[in-house]
Structures are given as C-alpha cells and as structure tokens.
Amino acid sequence: VIGQRELRRWTSPFQVAARRRDNPPMPENTPWWRHAVVYQVYVRSFADGNGDGTGDIAGLRSRLPYLRSLGVDAIWVNPWYESPLNDGGYDVADYREIHPQFGTLEEAKLLIEDANQAGIRVLVDLVPNHTSNEHRWFEAALAAGPGSSERDRYHFLPGRGEHGELPPNDWKSVFGGPAWTKVPDDEWYLHLFDTSQPDLNWSNQDVREEFDGCPRYGRDRGAAGFRVDVPPARVKPPAYPDVGEDYDRHHELSTGAESPMWDRDGLHEIVRRWRSVLDEYDDTVMIAEAWVPSWDRLSLYLRPDEYHQAFDFHFLGSEWDPSRISSRIKQAVEKAGSVGAVPTWVLSNHDVVRHATRYALPNGIDSKHWLLDGDRSILDTDRGHRRARAAALLMLALPGSVYLYQGEELGLPEVHELPTDVLDDPVWERSGHSEKGRDGCRVPIPWSKDGSSFGFGEGGSWLPQPEWWGDYAVEAQDGIPGSTLELYRDAMRLRDEHLRDAGDLTWLDDGDAVLSFQKGDIRCMVNFGDPIGLPDGEVLLASEPSDEGRLPTDAAVWIKTA
C-alpha cells in the first residue's frame with residue numbers, strides 16, 4: 001500500500017500537489033455515494049505504464065496523486081477483464097481475470113489498496129447483458145448444438161423461411177445491422193450489440209447464479225461498487241415479436257414508445273435479487289446505465305431495493321437552453337426524491353460526443369452524425385469551451401452525486417478528425433460506415449505538452465492524438481489560474497466546503513436567459529444571454545472573468561451570499 005512518501009514520489013513530472021482536503025463529516029447514516037464525485041477511467045486511454053501504447057493498471061496507479069489532487073471521492077474503471085476487445089472490453093471472455101494488456105489480478109488488488117490509501121474508492125464495471133463469443137459458455141453452446149442446456153444460457157432460435165435462412169425476427173443491433181447471426185447448424189443467436197457479444201438469457205438459472213457470484217467476487221477484492229452496463233436490455237419476451245420496419249431505438253427513447261427488448265418490467269425482479277447480494281456487504285453502491293425514455297421509468301430503477309444510483313442521461317442530452325436544462329434538473333430532483341434517491345449527474349462518458357464539442361454546435365444538430373461528414377464551419381470551439389466550463393459549475397452545484405469523464409477537467413473536445421482507417425469502434429463497420437462511432441471521445445488523454453504521446457506513455461498511443469492535443473495537457477494547465485483544470489479543482493474544493501451537505505436548492509428568478517438557484521450560502525447563476533450584473537455577495541468562483549462586474553455570456557458563477 002502506498003504511503004505519503006510514495007504518493008509524493010509518484011507525482012508526475014509537473015509536480016501536481018496532492019491538495020485534496022479531507023471530506024467534511026456527512027450527516028449520520030448518509031452513504032458516501034449520495035454526494036460523491038466519481039471520476040470515470042477509460043483505462044485503455046488513461047495512462048500507459050509499460051510502453052505498449054495501451055493504458056493499463058500500472059499507468060493508473062502512477063496517476064493516483066493526480067486524482068487525489070483533483071479531489072474525487074472515487075474512480076469508476078471501465079471493463080478491464082479478459083476480452084478480445086472487439087468492443088473495447090465490453091465483450092467479456094472471463095469476468096474473473098484481468099486482460100493481460102491491462103495487468104494482473106494482483107495489480108488490480110494493489111491499485112484498490114493504493115487508491116483507498118489515497119482516500120479514493122474504486123468502482124468497477126459489470127456487463128450482464130452479454131458475454132464475448134470467446135467466453136467458455138458460448139464456445140460450449142456452439143459445440144453442444146440445438147436444444148442443449150448450454151444453448152439455453154443464450155438466445156438461440158431456428159430461423160424463418162423455408163430452410164431457416166431468415167433471422168428469427170426483425171430486431172436490429174444498436175450498432176447497426178441485424179441483431180441475429182447464423183451458426184453452422186442453422187440456428188441463430190441474438191446480439192443486441194456486436195456479433196461478438198451474444199446476449200445472455202436471464203431466465204436461465206445458470207446465468208442468474210453466475211452473476212450472483214460476480215459482484216461478490218469484486219467486492220471481496222475491495223471494489224466499493226459496480227456500474228452496471230445496459231441494465232434495461234436483460235429481459236426479452238419469450239415470443240420474440242417483430243418490431244416493424246419503422247422501429248428505431250432512438251425514436252423510442254425520445255417518445256417513450258414501448259419496446260419488446262428494452263426496459264421490460266420483468267427485469268426489476270432480477271435487480272432486486274442482485275441488490276440482495278450486495279446488501280450482504282456494507283457501504284456498497286450499484287449504478288445503472290439506464291437509457292430509458294423518461295424519469296417515470298428511470299425512477300423505477302431507483303426504488304429502495306433496486307439500484308442505488310442511475311445516470312441522468314436526460315440532463316446529459318439537454319441542449320444549451322436555460323428552460324430545458326432547468327426543467328430537466330427540477331424533474332430529476334423531484335423524481336429521484338420520490339423514491340428516496342438522489343440524482344446522478346453526468347455530462348460526458350465513453351459512449352457520447354464530449355460535451356465541449358456538443359456545446360460548440362448549434363442547438364438541433366445531432367452531434368453523433370455530425371462527426372462523419374457534418375459541416376465543420378458551424379463548430380465554434382471557443383463557445384463550446386466556455387459552455388463546458390459553465391456546465392461544470394452548474395453540475396457541481398447541484399444536489400446529488402456527480403460523475404466526471406476523464407479529460408473533461410482539461411476541457412478536452414471530441415477528436416472528430418480521426419481518419420476512418422484507425423477507427424476501432426464496431427459501430428463504424430456495423431453501421432455500414434454511416435456512423436463514425438465513439439473513438440473520438442476515447443483518444444488517450446494528454447499529460448505533457450509534447451512528446452510522442454503527450455505523456456500518455458513511452459510507446460505511442462493506440463488511437464492517434466491530434467497535433468494540438470498538448471495545448472490541453474495537464475502540464476499546460478497545472479497551477480495556471482483560470483485554466484479548466486484549476487477551475488475543476490477549485491470547484492470540488494468549494495463544493496466540499498459549501499455545497500456537499502447544503503440541503504435542497506431554491507430556484508431564483510434572474511430573467512429568462514439566466515438559470516439561477518440558491519443552495520446553502522451559495523447562489524449559482526448560469527448566463528445564457530447577454531452580459532448581466534451580479535448581485536451582492538462574494539464571488540467564490542466563476543467560469544469566465546467578469547466584465548466590469550458583469551457575468552459574461554455562456555458563463556457561470558458561485559456567489560457566497562451570507
């Protein structure tokens with residue numbers, strides 16, 4: 001376990017100070033995660049410790065002092081399990097082994113111990129909807145043949161048509177193309193994602209018992225909790241009905257239309273079983289990645305005997321508009337509170353276009369499709385940068401917990417100019433080259449201003465970094481007043497001091513173009529319109545310098561009023 005001397009020795013070359021102060025005491029019996037800031041580590045792109053071009057556990061361990069200086073309460077590590085990496089590790093071949101590119105089980109154990117010594121908990125990913133097609137279960141299913149108990153762990157069905165040459169139904173993969181693949185004996189297996197990710201059959205007792213053991217295995221090795229991948233997909237109707245040629249998953253999410261393969265009521269019984277397993281341990285958290293149409297549906301996942309948290313993707317998906325954002329916030333606070341939960345705020349992650357780029361585009365533009373061949377002239381990077389900084393202060397002032405995606409504290413934008421011949425995301429091929437995919441938000445982050453991989457590691461990086469990447473590096477921002485990195489550090493320090501345990505927020509009326517509320521002794525204002533005057537009080541933090549005492553456009557401020 002690393003002590004203070006080792007923490008200082010491991011500090012990166014720019015000598016980030018380990019300035020994280022101890023968290024203030026929480027009210028008695030308040031779980032840590034209800035007000036935590038959690039930092040998402042896409043381990044493949046965070047830091048490379050052995051020089052092979054891929055991020056790993058050794059690299060992550062070496063950067064713990066940086067995370068400590070940032071002031072986070074926990075880290076969430078994306079899948080690091082044994083995997084062929086056809087979908088960035090979300091195609092798991094063995095849930096109890098670490099991929100050799102990332103390290104070993106012993107290294108994972110040491111990371112958790114080191115992080116705990118630094119005051120940082122570690123959460124890990126669980127992927128229960130599907131396995132890799134290289135998982136021993138799926139290999140056994142292929143060998144066993146139709147009607148076998150091995151195949152019952154997945155969704156195998158005979159095809160339609162005279163000779164079974166057609167898929168069992170018309171379901172489509174999220175990544176594009178059909179959701180069924182034919183095997184040599186003419187049966188078809190279901191995969192709602194890539195062909196290398198066969199869906200598990202959660203009505204099968206073997207599956208349920210196996211995944212009772214997975215959280216126990218992680219918890220026994222020190223993990224403080226689990227982020228659960230695509231929980232709405234786990235239950236499929238036995239009849240496997242067609243959805244019709246006009247079915248569109250994104251349309252369903254925006255309209256609330258019922259789906260035969262997503263967000264089925266039967267999945268909640270599975271969640272309650274999992275929760276009962278986790279309740280065998282103290283102080284454990286389980287977070288749902290639940291893309292569902294409404295907060296009415298999302299709140300079902302947050303009932304007292306189900307998930308502790310669920311990401312609020314409605315907040316993430318809101319355009320830069322004060323009425324829309326405030327409406328999303330009010331709804332989240334109300335709906336989460338109705339089931340005894342708190343909102344879980346997030347602006348970016350490894351699956352979406354980084355918010356510094358989303359906010360740089362005009363409202364109404366689909367950033368995901370813009371990546372491929374959208375009009376580059378409409379991208380205003382300076383505007384996106386200002387809005388991203390303002391959004392950070394807004395999010396960190398809200399009640400509940402916050403999840404940060406690695407690099408957002410540096411203001412990183414999407415690397416939209418990645419050439420198509422380097423794309424790794426299966427979305428590129430599965431969509432028939434109509435969607436560029438998620439690689440642009442997964443480019444290894446910059447630590448130093450120059451070098452072959454901007455400090456990521458000595459052996460280059462598995463995705464190419466742009467020439468201008470060093471301008472956003474930690475080294476370029478550390479200790480620089482007004483930098484985005486220092487803004488995040490200051491915001492999290494002040495959040496601990498003034499906002500973490502400040503109770504409910506009260507909405508204020510500062511005009512239609514201003515989102516404004518009071519929480520404790522802090523007034524948070526976000527200006528979406530022309531520059532405005534500031535009320536009386538002490539300015540603790542602002543996302544942009546004031547203009548003769550006025551809050552600029554696309555800026556946020558925290559004012560101490562008492």
# chains A, B, ... in the order shown; residues from 1 in each chain; ligands from 1
$ residues_around --residues "Glu113 (chain A)" --least-positions-apart "4" --cutoff "12 Å" --atoms "only C-alpha atoms" --output "number ranges by chain"
A: 1-3, 61, 64, 106-109, 117-122, 221-224
$ select_by_dssp --residues "region 193-366 of chain A" --states "helix (DSSP H, G or I)" --output "VMD selection string"
chain A and resid 205 to 220 231 to 233 249 to 255 267 to 278 295 to 302 313 to 316 322 to 338 355 to 358
$ write_last_selection --atoms "C-alpha atoms" --output "compact mmCIF listing (two decimals), in the first residue's frame"
# COMPACT_ATOMS: atom_id res chain seq x y z
CA GLN A 205 -30.79 -20.27 -13.64
CA ASP A 206 -27.11 -20.78 -14.52
CA VAL A 207 -26.91 -17.18 -15.67
CA ARG A 208 -28.51 -15.84 -12.53
CA GLU A 209 -26.27 -17.85 -10.23
CA GLU A 210 -23.14 -16.89 -12.16
CA PHE A 211 -23.94 -13.21 -11.79
CA ASP A 212 -24.77 -13.59 -8.13
CA GLY A 213 -21.11 -14.51 -7.79
CA CYS A 214 -19.62 -11.70 -9.90
CA PRO A 215 -20.35 -8.81 -7.51
CA ARG A 216 -19.31 -10.97 -4.55
CA TYR A 217 -16.02 -11.68 -6.33
CA GLY A 218 -15.37 -7.98 -6.95
CA ARG A 219 -16.49 -6.87 -3.50
CA ASP A 220 -14.32 -9.47 -1.80
CA PRO A 231 -29.46 -2.99 -17.48
CA PRO A 232 -32.65 -2.26 -19.48
CA ALA A 233 -31.75 -4.99 -22.01
CA ARG A 249 -34.31 2.73 -30.80
CA HIS A 250 -33.54 6.45 -30.67
CA HIS A 251 -37.14 7.30 -31.57
CA GLU A 252 -38.31 5.02 -28.77
CA LEU A 253 -36.08 6.82 -26.26
CA SER A 254 -37.38 10.21 -27.33
CA THR A 255 -41.08 9.29 -27.48
CA LEU A 267 -36.05 -7.04 -15.20
CA HIS A 268 -36.75 -5.43 -11.83
CA GLU A 269 -37.09 -8.80 -10.15
CA ILE A 270 -33.54 -9.55 -11.36
CA VAL A 271 -32.30 -6.22 -9.99
CA ARG A 272 -33.82 -6.92 -6.58
CA ARG A 273 -32.04 -10.27 -6.48
CA TRP A 274 -28.74 -8.55 -7.25
CA ARG A 275 -29.37 -5.87 -4.66
CA SER A 276 -29.94 -8.54 -2.02
CA VAL A 277 -26.48 -9.92 -2.84
CA LEU A 278 -24.85 -6.51 -2.48
CA TRP A 295 -37.81 9.82 -15.46
CA ASP A 296 -41.02 7.98 -14.67
CA ARG A 297 -39.32 4.85 -16.00
CA LEU A 298 -35.90 5.70 -14.56
CA SER A 299 -37.29 6.17 -11.06
CA LEU A 300 -38.37 2.51 -11.08
CA TYR A 301 -34.68 1.54 -11.15
CA LEU A 302 -34.06 3.65 -8.04
CA PHE A 313 -28.91 10.94 -19.37
CA HIS A 314 -31.81 13.36 -19.82
CA PHE A 315 -29.58 16.05 -18.27
CA LEU A 316 -26.65 14.96 -20.43
CA PRO A 322 -31.93 27.58 -19.75
CA SER A 323 -35.56 26.49 -19.71
CA ARG A 324 -34.78 22.98 -20.97
CA ILE A 325 -31.88 22.45 -18.59
CA SER A 326 -33.74 23.81 -15.56
CA SER A 327 -36.74 21.63 -16.43
CA ARG A 328 -34.50 18.54 -16.56
CA ILE A 329 -32.93 19.43 -13.21
CA LYS A 330 -36.28 20.01 -11.49
CA GLN A 331 -37.66 16.75 -12.82
CA ALA A 332 -34.59 14.78 -11.74
CA VAL A 333 -34.63 16.16 -8.21
CA GLU A 334 -38.37 15.53 -7.86
CA LYS A 335 -38.48 12.05 -9.37
CA ALA A 336 -35.37 10.77 -7.63
CA GLY A 337 -36.61 12.16 -4.33
CA SER A 338 -39.96 10.44 -4.76
CA HIS A 355 -19.78 17.97 -24.20
CA ALA A 356 -17.17 20.60 -25.11
CA THR A 357 -17.90 19.67 -28.72
CA ARG A 358 -21.66 19.16 -28.33
$ atom_distance --atom1 "CA of Leu361 (chain A)" --atom2 "CA of Leu379 (chain A)"
5.1 Å
$ atom_distance --atom1 "CA of Leu485 (chain A)" --atom2 "CA of Trp320 (chain A)"
22.1 Å
$ residues_around --residues "Gly437 (chain A)" --least-positions-apart "4" --cutoff "12 Å" --atoms "only C-alpha atoms" --output "ChimeraX atom specification"
/A:87,174-176,350-353,367-372,414-416,418-420,422-433,441-442
$ closest_residue --among "A:Val342, A:Trp558, A:Glu187, A:Gly459" --to "Gly147 (chain A)" --atoms "only C-alpha atoms"
A:Glu187
$ closest_residue --among "A:Thr30, A:Ser62, A:Ser259, A:Asn527" --to "Asp501 (chain A)" --atoms "only C-alpha atoms"
A:Thr30
$ atom_distance --atom1 "CA of Gly55 (chain A)" --atom2 "CA of Ala74 (chain A)"
18.9 Å
$ closest_residue --among "A:Ala562, A:Ala58, A:Leu67, A:Leu110" --to "Val474 (chain A)" --atoms "only C-alpha atoms"
A:Leu67
$ residues_around --residues "Asp185 (chain A)" --least-positions-apart "6" --cutoff "12 Å" --atoms "only C-alpha atoms" --output "PyMOL selection string"
chain A and resi 141-147+156-159+163-165
$ write_last_selection --atoms "all heavy atoms" --output "PDB file, in the first residue's frame"
ATOM      1  N   ALA A 141     -21.764 -23.673 -25.947  1.00  0.00           N
ATOM      2  CA  ALA A 141     -23.076 -23.650 -26.605  1.00  0.00           C
ATOM      3  C   ALA A 141     -22.960 -24.009 -28.078  1.00  0.00           C
ATOM      4  O   ALA A 141     -23.788 -24.767 -28.618  1.00  0.00           O
ATOM      5  CB  ALA A 141     -23.715 -22.274 -26.441  1.00  0.00           C
ATOM      6  N   LEU A 142     -21.951 -23.491 -28.745  1.00  0.00           N
ATOM      7  CA  LEU A 142     -21.746 -23.825 -30.159  1.00  0.00           C
ATOM      8  C   LEU A 142     -21.454 -25.310 -30.329  1.00  0.00           C
ATOM      9  O   LEU A 142     -21.938 -25.958 -31.264  1.00  0.00           O
ATOM     10  CB  LEU A 142     -20.599 -22.987 -30.735  1.00  0.00           C
ATOM     11  CG  LEU A 142     -20.846 -21.487 -30.871  1.00  0.00           C
ATOM     12  CD1 LEU A 142     -19.612 -20.822 -31.479  1.00  0.00           C
ATOM     13  CD2 LEU A 142     -22.067 -21.201 -31.740  1.00  0.00           C
ATOM     14  N   ALA A 143     -20.675 -25.859 -29.404  1.00  0.00           N
ATOM     15  CA  ALA A 143     -20.302 -27.275 -29.510  1.00  0.00           C
ATOM     16  C   ALA A 143     -21.459 -28.204 -29.173  1.00  0.00           C
ATOM     17  O   ALA A 143     -21.583 -29.298 -29.742  1.00  0.00           O
ATOM     18  CB  ALA A 143     -19.115 -27.561 -28.593  1.00  0.00           C
ATOM     19  N   ALA A 144     -22.350 -27.770 -28.272  1.00  0.00           N
ATOM     20  CA  ALA A 144     -23.404 -28.661 -27.783  1.00  0.00           C
ATOM     21  C   ALA A 144     -24.552 -28.832 -28.776  1.00  0.00           C
ATOM     22  O   ALA A 144     -25.175 -29.890 -28.847  1.00  0.00           O
ATOM     23  CB  ALA A 144     -23.943 -28.129 -26.456  1.00  0.00           C
ATOM     24  N   GLY A 145     -24.878 -27.814 -29.516  1.00  0.00           N
ATOM     25  CA  GLY A 145     -25.909 -27.949 -30.531  1.00  0.00           C
ATOM     26  C   GLY A 145     -27.295 -27.559 -30.069  1.00  0.00           C
ATOM     27  O   GLY A 145     -27.542 -27.282 -28.883  1.00  0.00           O
ATOM     28  N   PRO A 146     -28.278 -27.561 -30.992  1.00  0.00           N
ATOM     29  CA  PRO A 146     -29.651 -27.124 -30.707  1.00  0.00           C
ATOM     30  C   PRO A 146     -30.297 -27.909 -29.572  1.00  0.00           C
ATOM     31  O   PRO A 146     -30.089 -29.124 -29.442  1.00  0.00           O
ATOM     32  CB  PRO A 146     -30.369 -27.360 -32.033  1.00  0.00           C
ATOM     33  CG  PRO A 146     -29.295 -27.297 -33.074  1.00  0.00           C
ATOM     34  CD  PRO A 146     -28.090 -27.903 -32.429  1.00  0.00           C
ATOM     35  N   GLY A 147     -31.079 -27.201 -28.780  1.00  0.00           N
ATOM     36  CA  GLY A 147     -31.837 -27.826 -27.705  1.00  0.00           C
ATOM     37  C   GLY A 147     -31.048 -28.150 -26.460  1.00  0.00           C
ATOM     38  O   GLY A 147     -31.616 -28.685 -25.497  1.00  0.00           O
ATOM     39  N   PHE A 156     -30.787 -18.717 -28.540  1.00  0.00           N
ATOM     40  CA  PHE A 156     -30.654 -19.428 -29.810  1.00  0.00           C
ATOM     41  C   PHE A 156     -32.045 -19.790 -30.312  1.00  0.00           C
ATOM     42  O   PHE A 156     -32.866 -20.339 -29.572  1.00  0.00           O
ATOM     43  CB  PHE A 156     -29.837 -20.708 -29.639  1.00  0.00           C
ATOM     44  CG  PHE A 156     -28.352 -20.489 -29.658  1.00  0.00           C
ATOM     45  CD1 PHE A 156     -27.656 -20.194 -28.496  1.00  0.00           C
ATOM     46  CD2 PHE A 156     -27.631 -20.594 -30.848  1.00  0.00           C
ATOM     47  CE1 PHE A 156     -26.284 -20.010 -28.507  1.00  0.00           C
ATOM     48  CE2 PHE A 156     -26.260 -20.410 -30.869  1.00  0.00           C
ATOM     49  CZ  PHE A 156     -25.582 -20.114 -29.697  1.00  0.00           C
ATOM     50  N   LEU A 157     -32.320 -19.516 -31.576  1.00  0.00           N
ATOM     51  CA  LEU A 157     -33.610 -19.839 -32.170  1.00  0.00           C
ATOM     52  C   LEU A 157     -33.409 -20.340 -33.595  1.00  0.00           C
ATOM     53  O   LEU A 157     -32.433 -19.966 -34.263  1.00  0.00           O
ATOM     54  CB  LEU A 157     -34.518 -18.604 -32.217  1.00  0.00           C
ATOM     55  CG  LEU A 157     -35.062 -18.039 -30.904  1.00  0.00           C
ATOM     56  CD1 LEU A 157     -35.893 -16.794 -31.194  1.00  0.00           C
ATOM     57  CD2 LEU A 157     -35.894 -19.076 -30.163  1.00  0.00           C
ATOM     58  N   PRO A 158     -34.344 -21.175 -34.083  1.00  0.00           N
ATOM     59  CA  PRO A 158     -34.297 -21.537 -35.502  1.00  0.00           C
ATOM     60  C   PRO A 158     -34.692 -20.325 -36.356  1.00  0.00           C
ATOM     61  O   PRO A 158     -35.416 -19.432 -35.904  1.00  0.00           O
ATOM     62  CB  PRO A 158     -35.327 -22.665 -35.620  1.00  0.00           C
ATOM     63  CG  PRO A 158     -36.258 -22.441 -34.467  1.00  0.00           C
ATOM     64  CD  PRO A 158     -35.434 -21.857 -33.365  1.00  0.00           C
ATOM     65  N   GLY A 159     -34.205 -20.308 -37.562  1.00  0.00           N
ATOM     66  CA  GLY A 159     -34.523 -19.206 -38.457  1.00  0.00           C
ATOM     67  C   GLY A 159     -35.894 -19.360 -39.094  1.00  0.00           C
ATOM     68  O   GLY A 159     -36.557 -20.394 -38.996  1.00  0.00           O
ATOM     69  N   HIS A 163     -36.038 -22.776 -45.333  1.00  0.00           N
ATOM     70  CA  HIS A 163     -34.880 -23.536 -44.860  1.00  0.00           C
ATOM     71  C   HIS A 163     -34.191 -22.838 -43.679  1.00  0.00           C
ATOM     72  O   HIS A 163     -33.006 -23.072 -43.430  1.00  0.00           O
ATOM     73  CB  HIS A 163     -33.883 -23.726 -45.999  1.00  0.00           C
ATOM     74  CG  HIS A 163     -34.468 -24.407 -47.198  1.00  0.00           C
ATOM     75  ND1 HIS A 163     -34.846 -25.738 -47.191  1.00  0.00           N
ATOM     76  CD2 HIS A 163     -34.773 -23.920 -48.438  1.00  0.00           C
ATOM     77  CE1 HIS A 163     -35.342 -26.065 -48.376  1.00  0.00           C
ATOM     78  NE2 HIS A 163     -35.312 -24.979 -49.153  1.00  0.00           N
ATOM     79  N   GLY A 164     -34.938 -22.012 -42.970  1.00  0.00           N
ATOM     80  CA  GLY A 164     -34.352 -21.303 -41.834  1.00  0.00           C
ATOM     81  C   GLY A 164     -33.310 -20.282 -42.225  1.00  0.00           C
ATOM     82  O   GLY A 164     -32.445 -19.922 -41.418  1.00  0.00           O
ATOM     83  N   GLU A 165     -33.421 -19.778 -43.445  1.00  0.00           N
ATOM     84  CA  GLU A 165     -32.387 -18.878 -43.956  1.00  0.00           C
ATOM     85  C   GLU A 165     -32.581 -17.423 -43.511  1.00  0.00           C
ATOM     86  O   GLU A 165     -31.693 -16.580 -43.726  1.00  0.00           O
ATOM     87  CB  GLU A 165     -32.360 -18.929 -45.485  1.00  0.00           C
ATOM     88  CG  GLU A 165     -33.581 -18.316 -46.186  1.00  0.00           C
ATOM     89  CD  GLU A 165     -34.764 -19.269 -46.306  1.00  0.00           C
ATOM     90  OE1 GLU A 165     -34.722 -20.343 -45.658  1.00  0.00           O
ATOM     91  OE2 GLU A 165     -35.714 -18.947 -47.038  1.00  0.00           O
TER      92      GLU A 165
END
$ residues_around --residues "Trp33 (chain A)" --least-positions-apart "4" --cutoff "9 Å" --atoms "only C-alpha atoms" --output "PyMOL selection string"
chain A and resi 37-38+73-74+283-285+308-309+400-401
$ write_last_selection --atoms "N, CA and C atoms" --output "PDB file, in the first residue's frame"
ATOM      1  N   VAL A  37     -18.226  12.727  -5.823  1.00  0.00           N
ATOM      2  CA  VAL A  37     -17.740  12.996  -7.176  1.00  0.00           C
ATOM      3  C   VAL A  37     -16.912  11.786  -7.598  1.00  0.00           C
ATOM      4  N   VAL A  38     -17.352  11.132  -8.663  1.00  0.00           N
ATOM      5  CA  VAL A  38     -16.699   9.915  -9.152  1.00  0.00           C
ATOM      6  C   VAL A  38     -16.080  10.212 -10.516  1.00  0.00           C
ATOM      7  N   ASP A  73     -13.852  11.529  -5.019  1.00  0.00           N
ATOM      8  CA  ASP A  73     -14.119  10.576  -3.942  1.00  0.00           C
ATOM      9  C   ASP A  73     -13.901   9.138  -4.379  1.00  0.00           C
ATOM     10  N   ALA A  74     -14.061   8.880  -5.677  1.00  0.00           N
ATOM     11  CA  ALA A  74     -13.954   7.509  -6.179  1.00  0.00           C
ATOM     12  C   ALA A  74     -13.614   7.545  -7.658  1.00  0.00           C
ATOM     13  N   ASP A 283     -21.795  -0.511   2.804  1.00  0.00           N
ATOM     14  CA  ASP A 283     -21.223   0.632   2.090  1.00  0.00           C
ATOM     15  C   ASP A 283     -20.930   0.350   0.625  1.00  0.00           C
ATOM     16  N   THR A 284     -21.814  -0.370  -0.038  1.00  0.00           N
ATOM     17  CA  THR A 284     -21.624  -0.726  -1.442  1.00  0.00           C
ATOM     18  C   THR A 284     -22.629   0.027  -2.299  1.00  0.00           C
ATOM     19  N   VAL A 285     -22.215   0.407  -3.512  1.00  0.00           N
ATOM     20  CA  VAL A 285     -23.093   1.152  -4.397  1.00  0.00           C
ATOM     21  C   VAL A 285     -23.198   0.442  -5.738  1.00  0.00           C
ATOM     22  N   HIS A 308     -28.816   1.826  -6.365  1.00  0.00           N
ATOM     23  CA  HIS A 308     -28.588   2.989  -5.513  1.00  0.00           C
ATOM     24  C   HIS A 308     -28.593   4.275  -6.348  1.00  0.00           C
ATOM     25  N   GLN A 309     -28.098   4.171  -7.578  1.00  0.00           N
ATOM     26  CA  GLN A 309     -27.962   5.335  -8.446  1.00  0.00           C
ATOM     27  C   GLN A 309     -28.303   4.947  -9.886  1.00  0.00           C
ATOM     28  N   GLY A 400     -26.930  15.869  -4.998  1.00  0.00           N
ATOM     29  CA  GLY A 400     -26.728  14.516  -5.512  1.00  0.00           C
ATOM     30  C   GLY A 400     -25.273  14.253  -5.812  1.00  0.00           C
ATOM     31  N   SER A 401     -25.035  13.239  -6.629  1.00  0.00           N
ATOM     32  CA  SER A 401     -23.663  12.840  -6.958  1.00  0.00           C
ATOM     33  C   SER A 401     -23.332  13.233  -8.393  1.00  0.00           C
TER      34      SER A 401
END
